[in-house]
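What follows is a set of notes on a single structure, which appears directly below.
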Amino acid sequence: MANIPTATVGRLVTYLRVLTSLAATGVERVSSDELGERAGSSAFQVRKDLATCGRFGTRGSGYTVATLERELRRVLGLTREWPVAIVGMGRLGQALADYPNFGAYDFVLRGAFDVDPDKVGMAAGRLTVQHLSELPQVVRDEGIGMAFLTVPGAAAQAAADTLVAAGVRGILNFAPSVIHVPDGVRVENVDFLAGLQRLSYALGGLPAASVDVEA
Ligand code: NAD
């Protein structure tokens with residue numbers, strides 16, 4: 001099982017993106033300074049993060065882009081294509097299904113599910129929305145390992161339970177609910193509204209000491 005700290009994994013993903021775009025423009029070597037600059041990290045952080053994955057590069061001459069890209073893909077489990085499902089084909093689910101570029105990131109949509117009879121049978125990108133009751137079969141047939149969860153908060157736990165029972169081991173949860181899953185299943189919560197709230201604090205929030213919470 002993976003054991004690299006989550007924050008480090010987040011930066012490895014960013015380094016991989018930088019390396020992929022460098023490789024696409026024919027760059028063969030990169031220094032930790034340049035990688036850090038392009039990834040928004042320091043050279044020290046880059047060297048420290050990469051040291052958690054193995055020994056790469058030589059002092060003074062940097063990293064071979066192709067080798068480092070291949071090794072990061074291996075560490076991140078991106079040496080295979082991941083079939084993904086969407087559960088909840090409302091506004092967000094449809095927007096995700098319409099995104100044409102998952103393939104460029106090693107993910108491919110293989111199932112779109114809803115419980116609303118009006119949604120079942122609708123087009124969703126290249127897929128057709130199926131009823132949630134068909135999910136276990138599709139997960140088996142397509143080898144789906146991960147899912148976007150884009151149902152209302154009140155439906156999220158039950159839908160997550162359906163996914164877990166079908167064998168899905170990774171859930172990207174957009175619903176504003178805490179999802180409980182058994183060991184061996186991983187939930188990542190996505191909350192861009194919370195991101196806006198953090199920006200609100202950064203742009204117009206008050207210093208903590210000036211807020212009187214007792215009053
Ligand atoms: P929506 O109401 O347009 O769509 C929800 C869909 O889920 C509907 O099609 C509904 O039929 C379906 N559904 C309900 N129960 C289901 C179940 N058990 N199994 C399968 N499908 C089911 O909602 P939306 O605007 O697309 O938002 C989806 C979710 O994302 C909501 O929980 C919303 O709060 C959340 N959201 C999160 C963020 C964020 O920042 N993370 C931003 C916007 C919306």
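Lettering and numbering for the structure tokens are positional, with chains as A, B, ... in the shown order, residues counted from 1 in each chain, and ligands counted from 1 in the shown order.
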> Within 10 Å of ligand 1, counting only C-alpha atoms and all ligand atoms, which protein or nucleic acid residues do you find, written as a VMD selection string?
Replying inline: chain A and resid 86 to 96 112 to 120 130 to 133 135 148 to 163 172 to 177 189 to 196
>> DSSP on the backbone: which residues in chain A end up as strand (DSSP E or B)? Give the answer as a PyMOL selection string.
In response: chain A and resi 29-30+58+62-64+82-87+107-114+123-124+127-128+130-131+146-149+170-173+186-189
>> Quick one: residues within 7 Å of region 24-29 of chain A, only C-alpha atoms, excluding same-chain residues fewer than 2 positions away - as a ChimeraX atom specification?
In response: /A:20-22,31,62-66
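CA of Ile171 (chain A) to CA of Val84 (chain A) spans 9.7 Å [interatomic distance, one decimal].
Here the alpha helix (DSSP H) residues in region 67-148 of chain A, by DSSP on the backbone, are Thr67, Leu68, Glu69, Arg70, Glu71, Leu72, Arg73, Arg74, Val75, Arg91, Leu92, Gly93, Gln94, Ala95, Leu96, Ala97, Asp98, Leu135, Pro136, Gln137, Val138, Val139, Arg140, Asp141 and Glu142 of chain A.
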